Each structure stands twice: as structure tokens, then as C-alpha cells.
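Colleague: Okay, so here is entry.cif, and as you'll see once you scroll down, it has mmCIF, C-alpha atoms and all ligand atoms.
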```
data_input
#
loop_
_atom_site.label_atom_id
_atom_site.label_comp_id
_atom_site.auth_asym_id
_atom_site.auth_seq_id
_atom_site.Cartn_x
_atom_site.Cartn_y
_atom_site.Cartn_z
CA MET A 9 12.70 -2.80 17.99
CA VAL A 10 13.25 -1.40 21.48
CA TYR A 11 10.24 0.47 22.76
CA ALA A 12 10.23 3.61 24.86
CA GLY A 13 7.46 6.02 25.54
CA SER A 14 5.75 8.52 27.74
CA THR A 15 3.95 7.45 30.89
CA ALA A 16 0.23 8.10 30.93
CA SER A 17 -1.48 8.10 34.31
CA LEU A 18 -4.62 6.04 34.71
CA PRO A 19 -6.38 5.56 38.05
CA GLY A 20 -4.46 2.94 39.98
CA ALA A 21 -2.07 2.08 37.20
CA SER A 22 0.92 3.41 35.36
CA ILE A 23 0.87 2.45 31.69
CA VAL A 24 3.57 3.12 29.15
CA THR A 25 1.96 4.57 26.03
CA ASP A 26 4.14 4.49 22.92
CA LEU A 27 3.71 7.18 20.32
CA TYR A 28 3.17 6.59 16.58
CA ALA A 29 1.85 8.79 13.80
CA VAL A 30 0.86 9.12 10.18
CA ILE A 31 2.11 12.06 8.14
CA GLY A 32 0.77 13.47 4.88
CA ASN A 33 -0.64 16.54 3.14
CA PRO A 34 -3.59 16.65 3.23
CA ILE A 35 -4.17 14.26 6.11
CA GLY A 36 -7.80 14.90 7.06
CA HIS A 37 -8.97 11.83 5.10
CA THR A 38 -6.59 9.38 6.79
CA LYS A 39 -7.93 6.11 8.20
CA SER A 40 -4.59 5.21 9.81
CA PRO A 41 -5.40 6.36 13.40
CA LEU A 42 -8.64 4.36 13.37
CA ILE A 43 -6.88 1.29 11.96
CA HIS A 44 -3.91 1.34 14.34
CA LEU A 45 -5.93 2.19 17.44
CA THR A 46 -8.33 -0.66 16.62
CA PHE A 47 -5.37 -3.03 16.19
CA ALA A 48 -3.95 -1.79 19.51
CA ARG A 49 -7.23 -2.29 21.38
CA GLU A 50 -7.67 -5.77 20.00
CA THR A 51 -4.11 -6.88 20.76
CA GLY A 52 -3.91 -5.20 24.18
CA GLN A 53 -1.16 -2.78 23.15
CA HIS A 54 -0.94 0.69 24.69
CA ILE A 55 -0.23 3.20 21.96
CA GLU A 56 -1.02 6.77 21.11
CA TYR A 57 -1.44 7.39 17.37
CA ILE A 58 -1.70 10.87 15.90
CA ALA A 59 -2.11 12.38 12.42
CA ILE A 60 0.40 15.03 11.33
CA GLU A 61 -0.19 17.38 8.41
CA ALA A 62 3.23 18.67 7.34
CA PRO A 63 3.67 21.53 4.91
CA ILE A 64 5.37 20.66 1.62
CA GLY A 65 9.09 20.90 2.35
CA GLY A 66 8.42 20.47 6.08
CA PHE A 67 8.68 16.69 6.37
CA ASN A 68 12.05 16.49 8.16
CA ALA A 69 11.20 19.15 10.75
CA ARG A 70 7.92 17.43 11.68
CA VAL A 71 9.56 14.02 11.93
CA ASP A 72 12.36 15.46 14.09
CA GLU A 73 9.69 16.88 16.41
CA LEU A 74 7.91 13.54 16.60
CA ARG A 75 11.17 11.79 17.53
CA LEU A 76 11.90 14.42 20.21
CA ARG A 77 8.49 13.58 21.69
CA GLY A 78 9.57 9.94 21.86
CA GLY A 79 7.79 8.80 18.70
CA LEU A 80 8.69 5.24 17.75
CA GLY A 81 7.22 4.91 14.31
CA LEU A 82 5.57 6.73 11.46
CA ASN A 83 3.33 5.83 8.52
CA ILE A 84 3.85 7.97 5.46
CA THR A 85 1.27 8.89 2.87
CA ALA A 86 1.31 11.21 -0.16
CA PRO A 87 3.29 13.27 -0.94
CA PHE A 88 6.06 12.35 1.51
CA LYS A 89 7.12 8.79 0.58
CA LEU A 90 10.24 10.07 -1.20
CA ASP A 91 11.12 12.39 1.72
CA ALA A 92 10.81 9.39 4.04
CA PHE A 93 13.09 7.40 1.76
CA ALA A 94 15.73 10.15 2.02
CA TYR A 95 15.25 10.46 5.81
CA ALA A 96 15.87 6.77 6.53
CA THR A 97 19.36 5.61 7.50
CA GLU A 98 18.56 1.98 6.59
CA LEU A 99 16.21 0.59 3.95
CA SER A 100 14.45 -2.71 3.31
CA GLU A 101 14.81 -4.31 -0.15
CA ASP A 102 11.19 -3.42 -1.01
CA ALA A 103 11.83 0.21 -0.05
CA LYS A 104 15.07 0.31 -2.08
CA LEU A 105 13.36 -0.94 -5.22
CA ALA A 106 10.31 1.26 -4.70
CA GLY A 107 12.55 4.28 -4.10
CA ALA A 108 9.88 5.16 -1.55
CA VAL A 109 9.14 4.49 2.11
CA ASN A 110 5.68 4.18 3.65
CA CYS A 111 6.72 3.21 7.16
CA LEU A 112 9.55 4.33 9.43
CA GLY A 113 10.81 2.88 12.71
CA PHE A 114 12.97 4.93 15.09
CA GLU A 115 15.53 3.42 17.43
CA GLY A 116 18.02 5.96 18.76
CA ASP A 117 19.81 7.44 15.75
CA ARG A 118 18.72 4.55 13.53
CA VAL A 119 15.83 5.24 11.19
CA THR A 120 14.67 2.17 9.30
CA GLY A 121 12.53 2.61 6.19
CA GLN A 122 10.11 -0.02 4.90
CA ASN A 123 7.66 -0.18 2.04
CA TYR A 124 4.71 -2.36 3.00
CA ASP A 125 2.35 -1.31 0.20
CA GLY A 126 3.27 -4.26 -2.02
CA VAL A 127 3.14 -6.93 0.64
CA GLY A 128 -0.17 -5.47 1.84
CA LEU A 129 -1.55 -5.74 -1.68
CA VAL A 130 -0.35 -9.33 -2.11
CA ASN A 131 -1.74 -10.36 1.31
CA ASP A 132 -5.11 -8.88 0.43
CA ILE A 133 -5.27 -10.67 -2.92
CA VAL A 134 -3.90 -14.03 -1.80
CA CYS A 135 -5.24 -14.32 1.77
CA ASN A 136 -8.39 -12.18 1.93
CA LEU A 137 -9.65 -12.56 -1.64
CA ARG A 138 -8.31 -16.13 -1.94
CA CYS A 139 -6.82 -15.52 -5.36
CA PRO A 140 -3.40 -17.17 -5.67
CA ILE A 141 -0.95 -15.28 -7.91
CA GLU A 142 1.28 -18.28 -8.59
CA GLY A 143 0.96 -19.47 -12.19
CA LYS A 144 -1.38 -16.61 -13.12
CA ARG A 145 -1.16 -14.06 -15.92
CA VAL A 146 -1.04 -10.66 -14.22
CA LEU A 147 -1.64 -7.26 -15.81
CA MET A 148 -0.55 -4.26 -13.77
CA LEU A 149 -1.66 -0.84 -15.01
CA GLY A 150 0.56 2.08 -14.00
CA ALA A 151 4.23 2.60 -13.28
CA GLY A 152 4.21 4.94 -10.31
CA GLY A 153 5.06 4.49 -6.65
CA ALA A 154 2.41 1.84 -5.93
CA VAL A 155 3.66 -0.37 -8.79
CA ARG A 156 7.27 0.08 -7.71
CA GLY A 157 6.32 -1.15 -4.24
CA ALA A 158 4.32 -4.08 -5.60
CA LEU A 159 6.77 -5.62 -8.08
CA LEU A 160 9.06 -7.59 -5.72
CA PRO A 161 6.25 -9.07 -3.60
CA PHE A 162 4.38 -9.99 -6.80
CA LEU A 163 7.39 -11.68 -8.40
CA ALA A 164 7.93 -13.61 -5.15
CA GLU A 165 4.51 -15.22 -5.75
CA ARG A 166 5.79 -16.60 -9.10
CA PRO A 167 3.12 -15.49 -11.59
CA GLU A 168 3.28 -17.12 -15.03
CA GLN A 169 3.56 -13.68 -16.60
CA LEU A 170 3.67 -10.12 -15.28
CA VAL A 171 2.89 -7.35 -17.75
CA LEU A 172 3.24 -3.65 -16.91
CA VAL A 173 1.18 -1.26 -19.00
CA ASN A 174 1.57 2.47 -18.55
CA ARG A 175 0.40 5.62 -20.34
CA THR A 176 4.02 6.75 -20.49
CA VAL A 177 5.46 3.53 -21.90
CA ASP A 178 9.09 4.48 -21.24
CA LYS A 179 8.41 4.55 -17.49
CA ALA A 180 7.10 0.98 -17.62
CA ARG A 181 10.11 -0.10 -19.71
CA SER A 182 12.62 1.44 -17.39
CA LEU A 183 10.92 -0.13 -14.35
CA ALA A 184 10.92 -3.54 -16.03
CA GLY A 185 14.64 -3.05 -16.66
CA GLU A 186 15.33 -2.15 -13.02
CA ILE A 187 13.54 -5.26 -11.75
CA ALA A 188 15.00 -7.63 -14.36
CA ALA A 189 17.46 -9.20 -11.90
CA HIS A 190 14.51 -10.34 -9.76
CA GLY A 191 12.26 -11.70 -12.49
CA ALA A 192 10.77 -11.19 -15.94
CA VAL A 193 8.42 -8.24 -16.33
CA GLN A 194 7.12 -7.27 -19.76
CA ALA A 195 6.40 -3.59 -20.47
CA ALA A 196 3.89 -2.25 -22.97
CA GLY A 197 1.48 0.56 -23.78
CA TYR A 198 -2.33 0.40 -23.75
CA ASP A 199 -2.37 -0.03 -27.53
CA ALA A 200 -0.71 -3.46 -27.14
CA LEU A 201 -3.44 -4.85 -24.86
CA GLN A 202 -5.60 -6.23 -27.67
CA GLN A 203 -2.69 -8.47 -28.76
CA LEU A 204 -1.69 -9.55 -25.25
CA GLY A 205 -4.74 -11.73 -24.64
CA PRO A 206 -6.64 -12.36 -21.40
CA PHE A 207 -5.26 -11.95 -17.86
CA ASP A 208 -6.32 -13.74 -14.66
CA LEU A 209 -5.62 -10.72 -12.51
CA VAL A 210 -5.94 -7.11 -13.70
CA LEU A 211 -4.79 -4.42 -11.27
CA ASN A 212 -5.45 -0.74 -11.68
CA ALA A 213 -2.44 0.85 -9.98
CA THR A 214 -2.85 4.15 -11.82
CA SER A 215 -4.28 7.21 -10.11
CA ALA A 216 -7.02 7.48 -12.78
CA SER A 217 -9.76 6.37 -10.34
CA VAL A 218 -8.82 9.12 -7.91
CA HIS A 219 -9.92 11.58 -10.60
CA GLY A 220 -12.91 9.49 -11.74
CA GLU A 221 -11.19 8.72 -15.05
CA GLY A 222 -11.44 5.49 -17.03
CA LEU A 223 -8.72 3.50 -18.80
CA PRO A 224 -8.63 2.15 -22.38
CA ILE A 225 -8.72 -1.57 -21.56
CA PRO A 226 -10.38 -3.97 -24.04
CA ALA A 227 -12.88 -6.51 -22.67
CA ALA A 228 -10.55 -9.19 -24.07
CA SER A 229 -7.98 -8.37 -21.34
CA PHE A 230 -10.21 -9.93 -18.66
CA ALA A 231 -10.05 -13.74 -18.60
CA SER A 232 -13.08 -15.65 -17.41
CA GLY A 233 -12.71 -16.05 -13.64
CA CYS A 234 -10.51 -12.94 -13.55
CA LEU A 235 -10.10 -10.73 -10.48
CA ALA A 236 -10.19 -7.00 -11.24
CA TYR A 237 -8.57 -4.99 -8.45
CA ASP A 238 -8.47 -1.21 -8.14
CA LEU A 239 -5.85 0.02 -5.67
CA ALA A 240 -7.91 3.17 -5.05
CA TYR A 241 -10.34 2.76 -2.14
CA GLY A 242 -13.45 4.38 -0.73
CA LYS A 243 -14.69 5.40 -4.17
CA GLY A 244 -17.34 2.72 -4.74
CA LEU A 245 -17.52 1.29 -8.26
CA THR A 246 -14.75 3.17 -10.11
CA PRO A 247 -14.78 3.51 -13.92
CA PHE A 248 -12.17 0.71 -14.05
CA LEU A 249 -14.25 -1.64 -11.92
CA ARG A 250 -17.40 -0.77 -13.87
CA LEU A 251 -15.58 -1.58 -17.11
CA ALA A 252 -14.49 -4.92 -15.65
CA ARG A 253 -18.05 -5.75 -14.57
CA GLU A 254 -19.34 -4.84 -18.03
CA ALA A 255 -16.73 -7.19 -19.49
CA GLY A 256 -18.24 -9.99 -17.39
CA VAL A 257 -15.81 -10.00 -14.44
CA ARG A 258 -17.56 -11.31 -11.33
CA GLN A 259 -14.85 -10.71 -8.73
CA VAL A 260 -13.98 -7.03 -8.31
CA ALA A 261 -12.25 -5.40 -5.34
CA ASP A 262 -10.91 -2.02 -4.31
CA GLY A 263 -7.79 -1.21 -2.28
CA VAL A 264 -9.30 -1.06 1.19
CA GLY A 265 -7.87 -4.47 2.06
CA MET A 266 -4.44 -3.36 0.82
CA LEU A 267 -4.63 -0.28 3.04
CA VAL A 268 -5.45 -2.33 6.12
CA GLU A 269 -2.95 -5.09 5.33
CA GLN A 270 -0.03 -2.66 4.89
CA ALA A 271 -1.00 -1.13 8.24
CA ALA A 272 -1.02 -4.60 9.79
CA GLU A 273 2.54 -5.20 8.52
CA ALA A 274 3.67 -1.93 10.11
CA PHE A 275 1.89 -2.72 13.37
CA ALA A 276 3.41 -6.22 13.51
CA TRP A 277 6.88 -4.79 12.87
CA TRP A 278 6.54 -2.08 15.51
CA ARG A 279 4.74 -4.07 18.20
CA GLY A 280 5.81 -7.67 17.57
CA VAL A 281 2.18 -8.84 17.45
CA ARG A 282 0.07 -9.45 14.36
CA PRO A 283 -3.42 -7.98 14.43
CA ASP A 284 -6.50 -9.53 12.84
CA THR A 285 -7.50 -7.39 9.87
CA ARG A 286 -10.97 -8.72 8.98
CA ALA A 287 -13.11 -6.53 11.23
CA VAL A 288 -11.27 -3.34 10.26
CA ILE A 289 -11.57 -4.11 6.55
CA GLU A 290 -15.31 -4.72 6.98
CA ARG A 291 -15.70 -1.47 8.88
CA LEU A 292 -13.94 0.59 6.19
CA THR A 293 -15.46 -1.13 3.17
CA VAL A 294 -17.55 1.07 0.88
CA PRO A 295 -20.00 -0.97 -1.25
CA LEU A 296 -18.89 -1.36 -4.87
CA THR A 297 -22.09 -0.07 -6.41
P1 LIG B 301 1.75 7.85 -8.82
O1 LIG B 301 1.37 9.28 -8.91
O2 LIG B 301 3.10 7.47 -8.34
O3 LIG B 301 1.54 7.16 -10.27
C1 LIG B 301 0.40 7.40 -10.99
C2 LIG B 301 0.32 6.44 -12.17
O4 LIG B 301 -0.98 6.56 -12.73
C3 LIG B 301 1.32 6.72 -13.29
O5 LIG B 301 1.74 5.50 -13.83
C4 LIG B 301 0.47 7.50 -14.30
O6 LIG B 301 0.89 7.33 -15.64
C5 LIG B 301 -0.86 6.82 -14.14
N1 LIG B 301 -2.01 7.63 -14.52
C6 LIG B 301 -2.51 8.72 -13.88
N2 LIG B 301 -3.62 9.18 -14.51
C7 LIG B 301 -3.82 8.35 -15.55
C8 LIG B 301 -4.80 8.30 -16.59
N3 LIG B 301 -5.80 9.18 -16.66
N4 LIG B 301 -4.70 7.32 -17.52
C9 LIG B 301 -3.70 6.42 -17.48
N5 LIG B 301 -2.74 6.41 -16.52
C10 LIG B 301 -2.80 7.37 -15.58
O7 LIG B 301 0.59 7.18 -7.92
P2 LIG B 301 0.73 5.93 -6.94
O8 LIG B 301 1.45 4.85 -7.66
O9 LIG B 301 1.24 6.37 -5.62
O10 LIG B 301 -0.81 5.53 -6.70
C11 LIG B 301 -1.53 4.84 -7.70
C12 LIG B 301 -2.89 4.40 -7.14
O11 LIG B 301 -2.69 3.49 -6.07
C13 LIG B 301 -3.75 5.53 -6.59
O12 LIG B 301 -5.10 5.26 -6.91
C14 LIG B 301 -3.56 5.41 -5.10
O13 LIG B 301 -4.67 5.92 -4.38
C15 LIG B 301 -3.46 3.90 -4.95
N6 LIG B 301 -2.77 3.49 -3.73
C16 LIG B 301 -3.48 2.72 -2.85
C17 LIG B 301 -2.91 2.29 -1.69
C18 LIG B 301 -3.71 1.45 -0.75
O14 LIG B 301 -3.26 1.23 0.38
N7 LIG B 301 -4.87 0.96 -1.17
C19 LIG B 301 -1.51 2.62 -1.35
C20 LIG B 301 -0.82 3.40 -2.37
C21 LIG B 301 -1.46 3.81 -3.51
P3 LIG B 301 2.07 8.24 -16.26
O15 LIG B 301 3.35 7.63 -15.81
O16 LIG B 301 1.85 8.14 -17.72
O17 LIG B 301 1.85 9.64 -15.73
#
```
I'd like the structure from this file rewritten - as C-alpha cells, please.
Ligand code: NDP

Modeller:
Amino acid sequence: MVYAGSTASLPGASIVTDLYAVIGNPIGHTKSPLIHLTFARETGQHIEYIAIEAPIGGFNARVDELRLRGGLGLNITAPFKLDAFAYATELSEDAKLAGAVNCLGFEGDRVTGQNYDGVGLVNDIVCNLRCPIEGKRVLMLGAGGAVRGALLPFLAERPEQLVLVNRTVDKARSLAGEIAAHGAVQAAGYDALQQLGPFDLVLNATSASVHGEGLPIPAASFASGCLAYDLAYGKGLTPFLRLAREAGVRQVADGVGMLVEQAAEAFAWWRGVRPDTRAVIERLTVPLT
């Protein structure tokens, strides 16, 4: 990308400070400014990073304003990932399949939309948690935006089997149909889990944990040596993770690493330099107790 920005005056020096933002509603909880400003400090990049709370229906106007101010990029959180998808003039393959965009880059009239949620999730599992996906039996719970973003990056890792289980089974079926050209995904309801046997990796990509709700997963779904991963973060031991522990799972993780890894993808795309994620993940980690 070509960078432009405002000039901030510091004593004895003139430094170009490029403007980025995160947008959502609500936005008070966002960790994105802390993450990106830490990345910037550690990689010697001069950026300004702000949080924007847009009213529902006000996404386009706020993004137009940001671009008028010289903004170069934007992270998008709920509920605006579909608005960002519609706003983009060009889309990555991950964003096309997800039907949602969580990162925009601005270059003149060109607005490029990416979806880094899935690659962030895969990087966290494979690199940080040292759990290869290749050859594994993977159970993904949910069929919403996060699952849509995760399917292509997961299939690229060549799991032995990828099963999608969702409360509304038709949604899982239709998603499995959409992705069929890229790889085999089996769709089922929770009632089929008992017959499906154990999985090496069980991911809770539903929003149940956000509401403190549990899921009807039999202990038999967790293989010995399984990783149980809840995409929700900052909630401590969620009902899903507690269930996994009670079923004997020793490795449990929440989505804090995914959050930081998707931010690192965005930062690397915008700035052309890859930040180290470890310290930020440690700083944001809430104990799973
Ligand atoms: P969506 O609203 O798009 O999808 C929600 C999904 O959860 C649907 O499949 C829905 O099923 C299912 N669901 C909701 N409540 C229940 C329940 N009580 N029992 C069973 N299934 C339920 O959400 P997202 O896909 O955007 O987000 C999913 C999770 O991923 C959230 O916890 C979110 O915080 C997390 N996330 C984490 C990120 C990170 O960086 N760590 C990034 C993005 C998301 P149905 O179709 O039947 O309604």
C-alpha cells in the first residue's frame, strides 16, 4: 500500500503519523488501539490509532470521514463486518467466502477488504499453541461469521476431517455446500455428536460463551490429547471450557491469541512489517480459572 498521513510536530523532528482506526458499536471494550500502538512502538512505526463508535446505519458516513482525515486503514468489529464488506471495492478470497470484512485498506478510491479472523485463529492454534491441524479431526461449533472466516484457512491446513455442528443445522449444511469446491466439510446437529466419535480439536465458534451459556457436547467428543478452543476471550473459564476440562481435556485456550494474531495480519498488511505477538497476548490474557 502507499502511505500518506498528517505531519505531527515533535521537538526537532518532523514525523509522518499515519492514521488507522477500529470501528464498532459498542466500542468501549476494544483492545485494538492497545494492540496496534504496542505493535507500532515495537516495530518503530509512527501511527495514530483511534476507536470510532458509529451509530447503527452510520458506518459509511464515519468511514468517509476517516478517509477525509487521511485514514489509511480500519479494523471492523461487530456489528459492522457486513457493512465493511459492502463498502469495499475489492475483496480477498477469505472475505468473499466469509461474506464479511474485518479489515479495510484505503488507497485513493480503492478500498480493499480482508478477513483476517480465520488466519489469526489458525496462526494462534498452529504457531502459538503448537497444535498442528494437518491430519487432525476437527469439530467446529457454530455457523456464523467467525466460522465463515475460518473455513478456508482451516481447509488449507488439510485436516483429516472437518465437521460443522450448529444449533440451526440448515445453516451448517448450506455453509458446507458453499465451501465444497475448496474441501470436504461435514455438517450436523448437536444430536449427532454422540455418533461422530472423538475429535482432536474442538472449537467453540458460537456466541454462547458471550452470554455465559453452555453447549450440549458429550464428553466422548473430546479425544485424549485434544485441544479445546473457545473463540470468545476475556471471560475466564467459559462453560464450554469448563465442560472440556471436566471431560479430561488438559489443553484449553480462549480467543485472545486469535484476536492478537488477526491484528498482526492487519498491521503487517498495512505497514509491511510483522510484529511480534507474544508480549501482547501475555498482557491481554485472562487466567482460565
Ligand atoms: P454470529 O452471531 O455470526 O454467530 C453466532 C453463532 O453462535 C451461530 O452459529 C448461532 O447458532 C450460535 N449460537 C449462539 N448462541 C448459541 C447457543 N446458546 N447454543 C448454540 N449455538 C448458539 O457470531 P460470530 O460468528 O461473529 O462470533 C462467534 C464467537 O466468536 C463469539 O464468541 C465471538 O466473540 C467470537 N469471535 C472471536 C474473535 C477473536 O478475535 N477472538 C473474532 C470474531 C469472533 P444459530 O445459527 O443456530 O443461531

Colleague: I'd like the interatomic distance between CA of Pro247 in chain A and CA of Phe230 in chain A, to a tenth of an Å.

Modeller: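 Between CA of Pro247 in chain A and CA of Phe230 in chain A the gap is 15.0 Å.
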
Colleague: May I ask you to write as number ranges by chain all residues lying at most 8 Å from ligand LIG 301 (chain B), with only C-alpha atoms and all ligand atoms counted?

Modeller: A: 85-86, 125, 128-129, 149-156, 174-177, 179-180, 212-219, 221-223, 238-241, 262-268, 270

Colleague: Could you work out an axis-aligned bounding box for all listed atoms of range 93-110 of chain A, with 6 Å added on each of the six sides, and give its centre and edge lengths in Å to one decimal, as AutoDock Vina command-line options?

Modeller:
```
--center_x 12.5 --center_y 3.1 --center_z 1.1 --size_x 25.7 --size_y 26.8 --size_z 24.7
```

Colleague: When you count only C-alpha atoms, which of these residues is closest to Leu235 in chain A: A:Pro140, A:Gly107, A:Gly81, A:Gly220?

Modeller: A:Pro140

Colleague: Can you tell me how far CA of Ile31 in chain A sits from CA of Leu296 in chain A, in Å to one decimal?

Modeller: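 About the pair CA of Ile31 in chain A and CA of Leu296 in chain A: they are 28.1 Å apart.
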
Colleague: Please identify all polymer residues within 7 Å of Glu142 in chain A, counting only C-alpha atoms, omitting same-chain residues fewer than 3 positions from it, and present them as a PyMOL selection string.

Modeller: chain A and resi 165-168

Colleague: Counting all atoms listed in the file, which of A:Ile133, A:Val193, A:Ala274, A:Leu163 gets nearest to Ala261 in chain A?

Modeller: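 Closest to Ala261 in chain A, using all atoms listed in the file: A:Ile133.
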
Colleague: Ranking A:Ile43, A:Ala158, A:Ile64, A:Leu147 by minimum distance to Arg286 in chain A and counting only C-alpha atoms, which one comes first?

Modeller: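 The closest residue to Arg286 in chain A is A:Ile43.
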
Colleague: My list of candidates is A:Leu159, A:Arg145, A:Tyr57, A:Leu45. Which is closest to His190 in chain A when distances are computed with only C-alpha atoms?

Modeller: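 For His190 in chain A, the nearest of the given residues is A:Leu159.
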
Colleague: So, counting only C-alpha atoms, which residue among A:Glu115, A:Glu186, A:Glu50, A:Glu269 is closest to Cys135 in chain A?

Modeller: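 Once distances to Cys135 in chain A are computed over only C-alpha atoms, the minimum belongs to A:Glu269.
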
Colleague: Which of these, A:Leu42, A:Ala255, A:Leu27, A:Ala48, has the shortest distance to Val281 in chain A once you count only C-alpha atoms?

Modeller: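 Among the listed residues, A:Ala48 lies closest to Val281 in chain A.
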
Colleague: How many Å lie between CA of Ser40 in chain A and CA of Gly121 in chain A, rounded to one decimal?

Modeller: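 According to the coordinates, CA of Ser40 in chain A and CA of Gly121 in chain A are separated by 17.7 Å.
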
Colleague: If we count only C-alpha atoms and set the cut-off at 8 Å, which residues sit around Phe114 in chain A, ignoring sequence neighbours fewer than 6 positions away in its own chain? Please answer as a ChimeraX atom specification.

Modeller: /A:75,79-81,120

Colleague: Could you list, as a list in words, every residue within 8 Å of range 91-101 of chain A, counting all atoms listed in the file and ignoring same-chain residues fewer than 2 positions away?

Modeller: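 So, after excluding close chain neighbours, the residues are Phe67, Asn68, Ile84, Phe88, Lys89, Ala103, Lys104, Leu105, Gly107, Ala108, Val109, Asn110, Leu112, Arg118, Val119, Thr120, Gly121, Gln122 and Asn123 of chain A.
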